[in-house]
Every structure is written in structure tokens, then in C-alpha cells.
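> My structure is in query_25.cif, and what it holds is mmCIF, C-alpha atoms:
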data_work
loop_
_atom_site.label_atom_id
_atom_site.label_comp_id
_atom_site.auth_asym_id
_atom_site.auth_seq_id
_atom_site.Cartn_x
_atom_site.Cartn_y
_atom_site.Cartn_z
CA MET A 1 -2.16 243.53 35.91
CA LYS A 2 1.38 243.98 34.70
CA MET A 3 4.01 243.26 37.40
CA ILE A 4 6.39 246.12 38.05
CA GLN A 5 9.97 245.00 38.49
CA GLY A 6 11.84 246.84 41.17
CA VAL A 7 12.51 247.29 44.83
CA GLN A 8 10.08 248.74 47.34
CA ILE A 9 11.51 251.38 49.66
CA ASP A 10 9.76 251.97 52.97
CA LEU A 11 10.52 255.23 54.72
CA ILE A 12 9.45 254.98 58.35
CA SER A 13 8.89 258.23 60.19
CA ALA A 14 10.41 259.07 63.56
CA ASP A 15 6.85 259.51 64.90
CA ARG A 16 5.91 255.96 64.05
CA LEU A 17 9.17 254.58 65.45
CA GLU A 18 8.66 256.44 68.71
CA ARG A 19 5.31 254.70 69.21
CA LEU A 20 6.87 251.25 68.94
CA THR A 21 8.69 249.15 71.52
CA SER A 22 12.20 247.93 70.68
CA LEU A 23 10.90 244.48 69.79
CA GLU A 24 8.14 245.93 67.60
CA LYS A 25 10.67 248.08 65.73
CA VAL A 26 12.94 245.10 65.09
CA ARG A 27 10.00 242.95 63.94
CA LEU A 28 8.68 245.70 61.64
CA ILE A 29 12.10 246.20 60.04
CA LEU A 30 12.77 242.50 59.57
CA GLU A 31 9.32 241.75 58.16
CA LYS A 32 9.86 244.37 55.48
CA VAL A 33 13.48 243.45 54.74
CA MET A 34 12.62 239.76 54.52
CA GLU A 35 10.06 240.66 51.86
CA GLY A 36 12.91 242.19 49.86
CA ASN A 37 12.17 245.82 50.75
CA VAL A 38 14.69 248.46 51.70
CA VAL A 39 13.80 250.27 54.92
CA VAL A 40 14.85 253.83 55.66
CA LEU A 41 14.39 254.95 59.26
CA GLU A 42 14.04 258.66 59.81
CA LYS A 43 15.48 258.17 63.28
CA GLY A 44 17.89 255.32 63.91
CA LEU A 45 17.91 252.58 66.47
CA SER A 46 19.45 252.73 69.91
CA ALA A 47 22.50 250.56 70.64
CA ASP A 48 20.37 247.97 72.42
CA GLU A 49 17.92 247.88 69.52
CA GLN A 50 20.80 247.39 67.07
CA SER A 51 22.05 244.51 69.18
CA LEU A 52 18.55 243.02 69.24
CA LEU A 53 18.27 243.52 65.47
CA ILE A 54 21.49 241.54 64.86
CA GLU A 55 20.38 238.78 67.22
CA THR A 56 16.91 238.50 65.65
CA THR A 57 18.35 238.68 62.12
CA MET A 58 20.59 235.72 62.89
CA ARG A 59 17.61 233.70 64.09
CA GLU A 60 15.74 234.37 60.81
CA ILE A 61 18.49 233.33 58.37
CA THR A 62 17.69 230.23 56.31
CA PRO A 63 19.65 228.39 53.59
CA ASP A 64 18.64 229.67 50.13
CA GLY A 65 16.26 232.09 51.84
CA PHE A 66 16.92 235.14 53.95
CA ALA A 67 20.70 235.72 54.22
CA GLY A 68 20.75 238.63 56.64
CA ILE A 69 20.85 242.41 56.40
CA GLU A 70 23.04 245.23 55.22
CA MET A 71 22.76 248.33 57.33
CA GLU A 72 24.24 251.79 57.18
CA THR A 73 23.73 254.74 59.44
CA TYR A 74 25.38 258.06 60.12
CA SER A 75 27.49 257.95 63.22
CA GLY A 76 26.01 259.61 66.27
CA GLY A 77 29.17 261.64 66.91
CA SER A 78 31.82 261.05 69.53
CA SER A 79 31.24 258.70 72.43
CA GLU A 80 30.88 261.69 74.72
CA SER A 81 27.86 262.87 72.79
CA HIS A 82 26.25 259.49 73.49
CA LYS A 83 26.51 260.14 77.18
CA GLY A 84 23.50 262.38 77.37
CA GLY A 85 20.42 261.73 79.38
CA GLY A 86 21.03 264.44 82.00
CA LEU A 87 20.62 263.84 85.70
CA PHE A 88 17.90 261.22 85.37
CA GLY A 89 19.77 259.54 82.55
CA GLY A 90 22.69 259.17 84.92
CA ILE A 91 20.56 257.87 87.76
CA PHE A 92 18.65 255.35 85.67
CA GLY A 93 21.61 254.40 83.53
CA LYS A 94 19.93 255.47 80.30
CA LYS A 95 22.72 256.35 77.92
CA GLU A 96 21.08 255.42 74.70
CA SER A 97 22.06 257.35 71.62
CA PRO A 98 18.97 258.20 69.59
CA GLY A 99 20.70 257.19 66.35
CA ARG A 100 20.34 258.91 63.01
CA LEU A 101 18.93 258.19 59.58
CA THR A 102 19.45 254.50 58.89
CA VAL A 103 19.14 252.36 55.77
CA ILE A 104 18.54 248.62 56.13
CA GLY A 105 18.15 246.16 53.29
CA PRO A 106 18.41 242.48 52.45
CA ALA A 107 22.11 241.45 52.32
CA ASN A 108 21.74 239.55 49.05
CA GLN A 109 20.27 242.58 47.27
CA MET A 110 21.91 245.57 48.85
CA LYS A 111 25.51 246.71 48.60
CA THR A 112 26.84 249.88 50.09
CA LEU A 113 28.86 251.66 47.47
CA LYS A 114 30.03 254.60 49.48
CA LYS A 115 29.64 255.97 52.96
CA ASP A 116 30.90 259.36 54.02
CA LYS A 117 29.97 261.30 57.10
CA ASP A 118 27.17 262.99 55.18
CA LEU A 119 26.43 260.67 52.24
CA ILE A 120 25.45 257.01 52.02
CA SER A 121 25.24 255.54 48.52
CA ALA A 122 23.64 252.14 48.18
CA TRP A 123 23.08 249.91 45.19
CA VAL A 124 20.06 247.63 45.35
CA SER A 125 19.21 244.85 42.93
CA SER A 126 15.73 243.42 42.50
CA ARG A 127 15.26 239.78 43.49
CA MET B 128 32.64 216.72 113.09
CA SER B 129 31.19 218.80 115.83
CA PHE B 130 28.16 221.00 115.36
CA LEU B 131 30.31 224.07 116.08
CA VAL B 132 32.86 223.23 113.36
CA ARG B 133 30.13 222.48 110.81
CA THR B 134 28.36 225.73 111.62
CA LYS B 135 31.63 227.67 111.34
CA GLN B 136 32.37 226.14 107.93
CA LYS B 137 28.84 226.88 106.74
CA PHE B 138 29.13 230.54 107.75
CA SER B 139 32.60 230.77 106.24
CA ARG B 140 31.27 229.54 102.87
CA LEU B 141 28.29 231.90 103.12
CA PHE B 142 30.51 234.91 103.79
CA LYS B 143 32.93 233.96 101.03
CA GLY B 144 29.97 233.70 98.66
CA LEU B 145 28.64 237.08 99.76
CA PHE B 146 31.85 239.05 99.65
CA LYS B 147 33.94 237.31 97.00
CA LYS B 148 34.65 239.74 94.17
CA LYS B 149 32.96 238.49 91.04
CA GLN B 150 35.48 237.51 88.40
CA MET B 151 35.18 239.77 85.40
CA ARG B 152 33.94 238.04 82.29
CA ILE B 153 35.89 239.45 79.35
CA GLY B 154 34.43 238.87 75.91
CA ILE B 155 36.70 238.85 72.88
CA TYR B 156 34.52 240.35 70.16
CA GLY B 157 35.10 241.47 66.59
CA PRO B 158 34.31 240.65 62.99
CA PRO B 159 35.03 237.17 61.56
CA ASN B 160 38.70 236.30 60.94
CA ALA B 161 40.09 239.11 63.09
CA GLY B 162 42.12 236.61 65.13
CA LYS B 163 39.91 236.30 68.22
CA THR B 164 40.55 232.60 68.83
CA THR B 165 44.29 232.99 68.12
CA LEU B 166 44.45 235.66 70.82
CA SER B 167 42.23 233.68 73.23
CA ASN B 168 44.48 230.66 72.78
CA ARG B 169 47.59 232.77 73.36
CA ILE B 170 46.22 234.36 76.55
CA VAL B 171 45.01 231.05 77.93
CA ARG B 172 48.22 229.21 76.90
CA ASP B 173 50.48 231.95 78.34
CA TRP B 174 48.73 231.96 81.69
CA THR B 175 47.30 228.47 82.16
CA GLY B 176 49.12 226.28 79.62
CA ASP B 177 45.76 225.29 78.11
CA ALA B 178 43.93 226.28 74.86
CA VAL B 179 40.46 227.53 74.00
CA GLY B 180 39.67 226.28 70.50
CA PRO B 181 40.84 225.56 66.96
CA VAL B 182 41.66 228.30 64.44
CA SER B 183 41.38 228.31 60.64
CA GLU B 184 41.22 230.66 57.68
CA ILE B 185 37.59 229.74 57.06
CA PRO B 186 35.31 232.46 58.47
CA HIS B 187 33.13 231.43 61.42
CA GLU B 188 35.46 228.65 62.59
CA THR B 189 34.29 229.62 66.08
CA ARG B 190 30.55 229.09 66.07
CA ARG B 191 29.93 228.80 69.78
CA ALA B 192 31.16 231.11 72.52
CA ARG B 193 33.91 229.32 74.44
CA ARG B 194 34.81 230.21 77.98
CA LYS B 195 37.94 229.66 80.04
CA GLU B 196 37.44 230.49 83.68
CA GLY B 197 39.88 231.85 86.21
CA VAL B 198 42.74 233.06 84.01
CA THR B 199 45.15 235.09 86.16
CA ILE B 200 47.32 237.63 84.35
CA SER B 201 50.09 239.32 86.30
CA ASP B 202 52.94 241.75 85.75
CA GLU B 203 56.42 242.08 87.22
CA GLY B 204 55.22 244.69 89.69
CA GLY B 205 52.97 242.15 91.40
CA ASN B 206 49.73 243.50 89.94
CA SER B 207 47.32 240.91 88.63
CA VAL B 208 43.79 240.32 87.42
CA THR B 209 41.79 237.11 87.34
CA ILE B 210 39.23 236.94 84.56
CA ASP B 211 37.04 234.55 82.61
CA ILE B 212 37.91 234.73 78.90
CA VAL B 213 35.00 234.33 76.49
CA ASP B 214 35.98 233.72 72.87
CA THR B 215 32.99 234.63 70.70
CA PRO B 216 31.99 233.96 67.08
CA GLY B 217 32.73 236.81 64.65
CA VAL B 218 29.88 239.27 64.65
CA THR B 219 28.20 240.00 61.34
CA THR B 220 24.76 240.97 60.05
CA LYS B 221 24.71 238.37 57.26
CA ILE B 222 25.69 234.75 56.76
CA ASP B 223 25.26 232.85 53.50
CA TYR B 224 26.17 229.17 53.53
CA LYS B 225 27.44 229.50 49.93
CA GLU B 226 30.46 231.44 51.25
CA PHE B 227 31.70 228.21 52.86
CA LEU B 228 31.54 226.35 49.53
CA GLU B 229 34.46 228.50 48.33
CA TYR B 230 36.62 226.82 50.98
CA GLY B 231 35.94 223.33 49.61
CA ILE B 232 33.27 222.47 52.18
CA ASP B 233 30.40 220.40 50.76
CA SER B 234 26.91 221.83 50.61
CA ASP B 235 25.37 219.89 53.54
CA GLU B 236 28.22 220.75 55.87
CA ALA B 237 28.13 224.39 54.71
CA VAL B 238 24.42 224.62 55.63
CA VAL B 239 25.16 223.16 59.08
CA ARG B 240 28.10 225.55 59.55
CA ALA B 241 25.96 228.52 58.54
CA ARG B 242 23.20 227.51 60.95
CA GLU B 243 25.67 227.06 63.80
CA ALA B 244 27.29 230.40 62.95
CA THR B 245 23.95 232.24 63.05
CA GLU B 246 23.15 230.68 66.42
CA GLY B 247 26.63 231.59 67.67
CA VAL B 248 26.35 235.24 66.62
CA ALA B 249 22.87 235.51 68.19
CA GLU B 250 24.28 234.01 71.39
CA ALA B 251 27.28 236.37 71.35
CA MET B 252 24.96 239.39 71.02
CA HIS B 253 22.85 238.10 73.87
CA TRP B 254 25.95 237.61 76.05
CA LEU B 255 27.02 241.17 75.31
CA ARG B 256 23.72 242.50 76.62
CA GLU B 257 23.54 240.22 79.64
CA ASP B 258 26.76 238.57 80.79
CA ILE B 259 29.90 240.43 79.73
CA ASP B 260 31.79 242.79 82.06
CA GLY B 261 34.52 243.97 79.70
CA VAL B 262 35.50 243.62 76.06
CA ILE B 263 38.62 243.10 73.99
CA TYR B 264 37.55 244.24 70.53
CA MET B 265 39.72 242.57 67.88
CA LEU B 266 40.31 244.10 64.49
CA ASP B 267 42.40 242.91 61.58
CA SER B 268 44.67 245.90 60.96
CA THR B 269 44.90 245.10 57.24
CA GLN B 270 41.15 245.75 56.90
CA ASP B 271 39.11 248.96 56.88
CA PRO B 272 37.94 249.57 60.47
CA PHE B 273 35.19 252.00 59.38
CA VAL B 274 32.65 249.30 58.57
CA GLN B 275 29.17 249.45 59.99
CA VAL B 276 29.44 246.32 62.12
CA ASN B 277 32.47 247.73 64.00
CA ILE B 278 30.85 251.13 64.53
CA MET B 279 27.68 249.40 65.69
CA LEU B 280 29.42 246.98 68.06
CA ILE B 281 31.60 249.68 69.62
CA GLY B 282 28.42 251.78 70.03
CA ILE B 283 26.68 248.89 71.80
CA ILE B 284 29.71 248.34 74.08
CA GLU B 285 29.87 252.07 74.88
CA SER B 286 26.16 252.25 75.64
CA ARG B 287 26.60 249.47 78.20
CA GLU B 288 29.58 251.36 79.67
CA LEU B 289 31.79 248.31 79.45
CA PRO B 290 35.55 248.83 79.63
CA VAL B 291 36.96 248.09 76.18
CA ILE B 292 40.45 247.60 74.81
CA ILE B 293 40.73 247.64 71.02
CA VAL B 294 43.34 245.31 69.58
CA ALA B 295 44.83 246.06 66.16
CA ASN B 296 45.86 242.54 65.23
CA LYS B 297 47.95 241.03 62.42
CA THR B 298 50.74 243.61 62.58
CA ASP B 299 53.00 240.90 61.13
CA LEU B 300 51.32 241.39 57.73
CA PRO B 301 52.91 243.89 55.31
CA ASP B 302 49.77 245.97 54.67
CA ALA B 303 48.84 246.28 58.35
CA SER B 304 47.80 249.79 59.36
CA PRO B 305 47.14 250.01 63.12
CA SER B 306 47.18 253.82 62.87
CA ARG B 307 43.95 253.65 60.84
CA ILE B 308 42.31 251.81 63.77
CA LYS B 309 43.68 254.35 66.26
CA SER B 310 42.18 257.19 64.24
CA ALA B 311 38.84 255.35 63.93
CA PHE B 312 38.44 254.85 67.70
CA PRO B 313 40.41 257.63 69.42
CA GLN B 314 38.19 257.38 72.52
CA HIS B 315 39.56 253.93 73.43
CA PRO B 316 43.02 252.44 74.05
CA VAL B 317 44.31 250.65 70.96
CA ILE B 318 47.07 248.05 71.32
CA SER B 319 48.85 246.79 68.20
CA ILE B 320 49.82 243.14 68.30
CA SER B 321 50.48 240.08 66.24
CA GLY B 322 48.46 237.39 67.99
CA LEU B 323 50.04 234.81 65.74
CA GLU B 324 53.65 235.72 66.56
CA GLY B 325 53.00 237.05 70.03
CA THR B 326 54.48 240.48 69.25
CA ASN B 327 53.61 243.15 71.83
CA VAL B 328 51.14 240.97 73.78
CA GLU B 329 52.87 242.07 77.01
CA GLU B 330 51.53 245.59 76.43
CA LEU B 331 48.06 244.11 76.04
CA TYR B 332 48.44 242.14 79.29
CA GLU B 333 49.48 245.31 81.13
CA LYS B 334 46.48 247.16 79.73
CA MET B 335 44.20 244.27 80.73
CA ILE B 336 45.48 244.45 84.33
CA GLU B 337 44.92 248.22 84.32
CA TYR B 338 41.47 248.11 82.68
CA PHE B 339 39.91 244.94 84.02
CA GLY B 340 41.61 244.79 87.42
#
Is it possible to express this structure as C-alpha cells?


Amino acid sequence: MKMIQGVQIDLISADRLERLTSLEKVRLILEKVMEGNVVVLEKGLSADEQSLLIETTMREITPDGFAGIEMETYSGGSSESHKGGGLFGGIFGKKESPGRLTVIGPANQMKTLKKDKDLISAWVSSR
Amino acid sequence: MSFLVRTKQKFSRLFKGLFKKKQMRIGIYGPPNAGKTTLSNRIVRDWTGDAVGPVSEIPHETRRARRKEGVTISDEGGNSVTIDIVDTPGVTTKIDYKEFLEYGIDSDEAVVRAREATEGVAEAMHWLREDIDGVIYMLDSTQDPFVQVNIMLIGIIESRELPVIIVANKTDLPDASPSRIKSAFPQHPVISISGLEGTNVEELYEKMIEYFG
């Protein structure tokens, strides 16, 4: 079978993300990105999940192997808009922003060319 | 020593332990080469006469979080705050050991540096989730503040409701633009300084007393 040169793009639905725990999301993203795929999340990660993603990414970096990630997302608005969660959010300290569409790719293949408030342009090279 | 005196001392220690206000642990965060260690050294030198760690132009010179405990900052009005300063490695989402080769570091040492840097960033992220009570977020005011890692880090700090002061550093450089940082993060106080020359650090100290006190 003839090999197709290119980059695989995985678009993960909000439904699927909602069924996963934070750790499962981070593992799913990193497994795909470490294979050289670009991952597009329909719904972004919470602040804690982003922090966990950076931490786990750092633990996976190897010389001449995985060099980390590039990530772009649309901002969730002003800090006040992050402070949702209503009464119970206030009581239980849940102030997580749901996050918006997010693109994550391998750092050595993906370069963000342009990011506006409503447009992210990325350039991805094959391995 | 009588039983009574020993018992009194024991209770005194117990009560001090119970009611002593926990010293705030202030993390200095930001991207690599923003001047975090230069500022940490200045704060610690100004208020204790000591230093935190070495600085260099090579990114990721700080690869382990370094802590200086019990730094008391005070103003002329008699207000003061005692904090632990934590200087952290520059936060990034990627580290390639080949970047260090450009600074004349040999390959083996570059690999070691890269590994230490990755461990340091992971540790810094973990600290931010678990052990930090307030943040000084350092930015190089000659650089674009609207990069994903800054937006992400500020978002993480906001979600944890930590008090944060943003520092627009390197105002001594000709292309510094602190106003760009102020417009990027209007929801937080932004103090413009030159950590290297010490310009305007007094304003930062006053803000630290106000925010972390």
C-alpha cells in the first residue's frame, strides 16, 4: 500500500471530552500529539487541565524525540466571565472556565502563523 | 526545669503553631528570560542582603525552583509583609536541547540542561496548583505579551484566585513597551520596572505590601 505523506488531524468532540476525566483528556491529547498528529478540541481545557497538560508534556520530552507542544486557543473573555459557577460554584470554589476551541500540535511540526480573536492560522509540517 | 515551666513552654509552642499566620509563598512566574531571577535576587538582596541564584542570557538558567524564606518588605509608613520568595523556571510548553547548542554548550550538557529544565517546569506547574499563595508574573516588556503561554498561565492563576501582580520588566531597553502589557492584562495591576537597574522597584514593593500583606 502506498504511504500517504501528511499530517493527521484529530477533531475531538465536546461530547467525548465531557466523558473523560482531566487526566484522561491530557493522556488522550498527548498520545495523539506524540504520534505527530494535530488535535483540535471542540471545547477547550479548563485552567487546571491546561496546567496538568504542561506538567505532563514536560515529563514526556526526550532528546531527539518529543520536544513538547504548541497550543492555541481563543481566549475565554475577561477574567470576570471566568467567575461563573453560580451559587454552588462559589460555595465549592469551582471557577473553571470551560475553554473554547483549541488546537494542539507537536512543537517541532507546528507553528502558529497568526492568531486573532476570531482566527487562528497554523502551519504544520509533516515529520 | 520544673514540670510547670516545661508544660507552659509546650503549650506556648502549640498555641504559636496553631495561631501563627502562615507566611505567604509568592511565586515569581513567567516565560524564560523575563528576568525572574534578576528580580528575585534584587528583592532578596534589598531586604536580606542575600541572593537567590545565578542569572544568564541562556534560557532556562533557572532549572529548579529556588526558595528564600522569611523576606520582610516594609515601607516608610511602617507597613510590612513577610513572604517566602519562590523563583521558578521559565514556563514553556516546549524544550528542545538543540536550542542550548546555539549558546556554545556542548551536546551532552545541553541534553542534561534540557532534562533539568523540563523537570523544573513540571515542578513549577505543580507548585502553582498546590503550594503558591500569590504570584508576581514577570514579562519582558520588549516582547509580545499576547502569547499563548502568558494567556494560559494568567488564566491558571486567575482560576486559583491567587493575588497577582504583573511586572513589565526591562524598561531600560529602548524597545520596551510596558503599555502593551497593561492593555493585555487590564484586570491586574501592572508595575513597570528595570530589575537590572532597580528602576521603580519601590513601587513594586509597595504593591507587594498592599497585595500580599

> For the structure provided, state which residues fall under the PyMOL selection byres ((chain A) within 7 of (chain B)), and present them as a list in words.

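Going through the file, the PyMOL selection byres ((chain A) within 7 of (chain B)) ends up selecting Ala47, Asp48, Ser51, Ile54, Glu55, Met58, Arg59, Pro63, Ala67, Gly68, Ile69, Glu70, Glu72, Lys95, Glu96 and Ala107 of chain A.
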
> Within 10 Å of range 331-339 of chain B, counting all atoms listed in the file, which residues show up once you throw out same-chain ones fewer than 2 positions away? Write them as a VMD selection string, please.

chain B and resid 150 to 153 170 199 to 203 206 to 210 260 to 263 289 to 294 316 to 320 327 to 329

> Tell me, as a list in words, which residues lie within 7 Å of Val40 in chain A, counting all atoms listed in the file; anything in the same chain fewer than 4 positions away does not count.

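Neighbouring residues, sequence-local ones excluded: Asp10, Leu11, Ile12, Thr102, Val103 and Ile104 of chain A.
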
> Taking only C-alpha atoms into account, name the residue in A:Gly44, A:Met110, A:Ile120, A:Leu52 that is nearest to Glu18 in chain A.

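Using only C-alpha atoms, the shortest distance to Glu18 in chain A belongs to A:Gly44.
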
> Selection in question (the file shown): the PyMOL selection byres ((chain B and resi 184-190) around 6). Which residues does it include, as a list in words?

Pro159, Asn160, Ser183, Arg191, Pro216, Glu243, Ala244 and Gly247 of chain B

> On this structure, which residues satisfy the PyMOL selection byres ((chain A and resi 28) around 12), written as a list in words?

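Evaluating the PyMOL selection byres ((chain A and resi 28) around 12) on these coordinates yields Asp10, Leu11, Ile12, Arg16, Leu17, Leu20, Thr21, Ser22, Leu23, Glu24, Lys25, Val26, Arg27, Ile29, Leu30, Glu31, Lys32, Val33, Met34, Glu35, Asn37, Val38, Val39, Val40, Leu41, Leu53, Thr56, Thr57 and Ile104 of chain A.
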
> Can you measure CA of Lys297 in chain B to CA of Gly322 in chain B for me? One decimal in Å is fine.

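For CA of Lys297 in chain B relative to CA of Gly322 in chain B, the distance reads 6.7 Å.
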
> Please indicate the distance in Å from CA of Gly157 in chain B to CA of Ser234 in chain B, rounded to one decimal place.

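Answer for the CA of Gly157 in chain B to CA of Ser234 in chain B separation: 26.6 Å.
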
> What does the distance from CA of Ser13 in chain A to CA of Ser121 in chain A come to in Å, to one decimal?

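CA of Ser121 in chain A lies 20.3 Å from CA of Ser13 in chain A.
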
> If we count only C-alpha atoms and set the cut-off at 10 Å, which residues sit around Asp118 in chain A, ignoring sequence neighbours fewer than 2 positions away in its own chain? Please answer as a PyMOL selection string.

chain A and resi 73-75+115-116+120

> Can those selected residues be exported to a file as a PDB file, in the frame of the given file so that it contains C-alpha atoms?


ATOM      1  CA  THR A  73      23.730 254.740  59.440  1.00  0.00           C
ATOM      2  CA  TYR A  74      25.380 258.060  60.120  1.00  0.00           C
ATOM      3  CA  SER A  75      27.490 257.950  63.220  1.00  0.00           C
ATOM      4  CA  LYS A 115      29.640 255.970  52.960  1.00  0.00           C
ATOM      5  CA  ASP A 116      30.900 259.360  54.020  1.00  0.00           C
ATOM      6  CA  ILE A 120      25.450 257.010  52.020  1.00  0.00           C
TER       7      ILE A 120
END

> Here is a test: counting all atoms listed in the file, which residue of B:Met265, B:Ala303, B:Ile232, B:Leu166 is nearest to Pro181 in chain B?

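Among B:Met265, B:Ala303, B:Ile232, B:Leu166, it is B:Leu166 that comes nearest to Pro181 in chain B.
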
> Output as a CSV table (one decimal), keeping the file's coordinate frame: range 251-271 of chain B, completed with N, CA and C atoms.


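And here is the file that came out, out10.csv:
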chain,number,residue,atom,x,y,z
B,251,ALA,N,26.3,235.4,71.0
B,251,ALA,CA,27.3,236.4,71.4
B,251,ALA,C,26.6,237.7,71.6
B,252,MET,N,25.6,238.1,70.8
B,252,MET,CA,25.0,239.4,71.0
B,252,MET,C,24.2,239.4,72.3
B,253,HIS,N,23.6,238.2,72.6
B,253,HIS,CA,22.8,238.1,73.9
B,253,HIS,C,23.8,238.2,75.1
B,254,TRP,N,24.9,237.5,75.0
B,254,TRP,CA,26.0,237.6,76.0
B,254,TRP,C,26.4,239.0,76.3
B,255,LEU,N,26.5,239.8,75.2
B,255,LEU,CA,27.0,241.2,75.3
B,255,LEU,C,26.0,242.0,76.1
B,256,ARG,N,24.7,241.7,75.9
B,256,ARG,CA,23.7,242.5,76.6
B,256,ARG,C,23.6,242.0,78.1
B,257,GLU,N,23.9,240.8,78.3
B,257,GLU,CA,23.5,240.2,79.6
B,257,GLU,C,24.7,239.9,80.5
B,258,ASP,N,25.8,239.3,80.0
B,258,ASP,CA,26.8,238.6,80.8
B,258,ASP,C,28.2,239.0,80.7
B,259,ILE,N,28.5,240.1,79.9
B,259,ILE,CA,29.9,240.4,79.7
B,259,ILE,C,30.2,241.7,80.5
B,260,ASP,N,31.4,241.7,81.2
B,260,ASP,CA,31.8,242.8,82.1
B,260,ASP,C,32.8,243.7,81.4
B,261,GLY,N,33.5,243.2,80.4
B,261,GLY,CA,34.5,244.0,79.7
B,261,GLY,C,34.8,243.3,78.3
B,262,VAL,N,35.4,244.1,77.4
B,262,VAL,CA,35.5,243.6,76.1
B,262,VAL,C,36.9,243.9,75.5
B,263,ILE,N,37.5,242.9,74.9
B,263,ILE,CA,38.6,243.1,74.0
B,263,ILE,C,38.0,243.1,72.6
B,264,TYR,N,38.1,244.2,71.9
B,264,TYR,CA,37.6,244.2,70.5
B,264,TYR,C,38.7,244.1,69.5
B,265,MET,N,38.6,242.9,68.8
B,265,MET,CA,39.7,242.6,67.9
B,265,MET,C,39.4,243.1,66.5
B,266,LEU,N,40.4,243.7,65.9
B,266,LEU,CA,40.3,244.1,64.5
B,266,LEU,C,41.5,243.7,63.7
B,267,ASP,N,41.3,243.3,62.5
B,267,ASP,CA,42.4,242.9,61.6
B,267,ASP,C,42.9,244.2,61.0
B,268,SER,N,44.2,244.6,61.3
B,268,SER,CA,44.7,245.9,61.0
B,268,SER,C,45.0,246.0,59.5
B,269,THR,N,44.8,245.0,58.7
B,269,THR,CA,44.9,245.1,57.2
B,269,THR,C,43.6,245.5,56.6
B,270,GLN,N,42.5,245.5,57.4
B,270,GLN,CA,41.2,245.8,56.9
B,270,GLN,C,40.7,247.2,57.3
B,271,ASP,N,39.7,247.7,56.6
B,271,ASP,CA,39.1,249.0,56.9
B,271,ASP,C,38.3,248.9,58.2
